[in-house]
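S.K.: This structure is in structure tokens; I'll ask about it shortly.
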Amino acid sequence: MSGAVESLRASVERIILDPKYHDVLAVVKGARNGAVYGAKVRFPHALVMIMLFRSGTVREKLWLIFRATKTHARNLAKFATIYKATCMLLKNYGSTPGKEGPYDSFMAGLLGGYIVFGQRSRSGKISSVNQQIVVYVFARVVLALARLAVKPGYGLAGISEPNKSAAISHYAWPVFASVSWAMVMHIFHWHPAELQPSLRSSMTYIYANADTWDGLRNFVWHNK
């Protein structure tokens, strides 16, 4: 029995190590990595946020945690599959077969982003999990573009000159951080419904619930 298992294992390894299957298997592994990463990231976040800030029975909360984790893992797996498969097709059947094009990753990301994260539910709503993922990605893109804008040799004319680039890089972060917090606090105070639900919940817990108490118990331990 062990011999048969070892023979099967060796056969599978020969296939996965064969260069001619590399691109196809990269799609499969991308899907696997997306699912695993999505579950690892979402489960602890959902566990804390739902247990602390959502009302309902333990069973209801556990179901919400499972659903959020499943959605995050599934969507990252779907995106990785579409992205890697599109890159493979563009590389092999694009304008220069066998060679990766300069915009292949952009086009593959555009397609995957639209199919996986750009759709609404049947009721017309946008998934809160998808909103969080897209906003997270968008914030990192903005920061990366800001760095590229002042990068010598790559950035915008004028501000990417070495001396100006160093000065802007030095002062940009404190300005960005302070303006970001100023804007989110202003929006939370005057238009809280427009903030993403999990951010609104955490800010309500920290700031709004700090204004009320009727005894030691909900001053030190419980908010309500």
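Every chain in the structure tokens has a letter given in the order shown (A, B, ...), and although residue numbers restart at 1 in each chain, ligands are simply numbered from 1 in the order shown.
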Give one line per residue of range 126-146 of chain A that approaches range 73-77 of chain A to at most 12 Å, naming the two atoms of the closest pair and their distance in Å to one decimal, counting only C-alpha atoms; sort by chain then ascending residue number and deliver it as CSV.
M.R.:
residue,atom,partner,partner_atom,distance
A:Ser127,CA,A:Asn75,CA,10.9
A:Val129,CA,A:Asn75,CA,9.4
A:Asn130,CA,A:Asn75,CA,8.2
A:Gln131,CA,A:Asn75,CA,11.9
A:Ile133,CA,A:Leu76,CA,9.3
A:Val134,CA,A:Leu76,CA,11.2
S.K.: Need to verify the contact set: range 8-23 of chain A, 8 Å, only C-alpha atoms, exclusion of same-chain residues closer than 4 positions in sequence. Can you return it as a list of chain:residue names?
M.R.: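 Contacts, in chain order: A:Ala4, A:Val27, A:Met88.
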S.K.: For Val116 in chain A, list every protein, DNA or RNA residue within 8 Å, evaluated using only C-alpha atoms, and leave out those in the same chain fewer than 3 positions away; present the list as an MDAnalysis selection string.
M.R.: chainID A and resid 75 78:79 112:113 119
S.K.: To one decimal place, how far is CA of Lys61 in chain A from CA of Ala46 in chain A in Å?
M.R.: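 Interatomic distance here is 9.4 Å.
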S.K.: Once DSSP has gone over the backbone, tell me which residues of range 1-219 of chain A are in alpha helix (DSSP H), as number ranges by chain.
M.R.: A: 2-16, 22-53, 58-93, 104-112, 128-149, 162-190, 197-203, 216-219
S.K.: Would you mind reading off the distance between CA of Phe53 in chain A and CA of Ser198 in chain A, one decimal, in Å?
M.R.: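 Atom-to-atom, CA of Phe53 in chain A and CA of Ser198 in chain A are spaced 8.6 Å apart.
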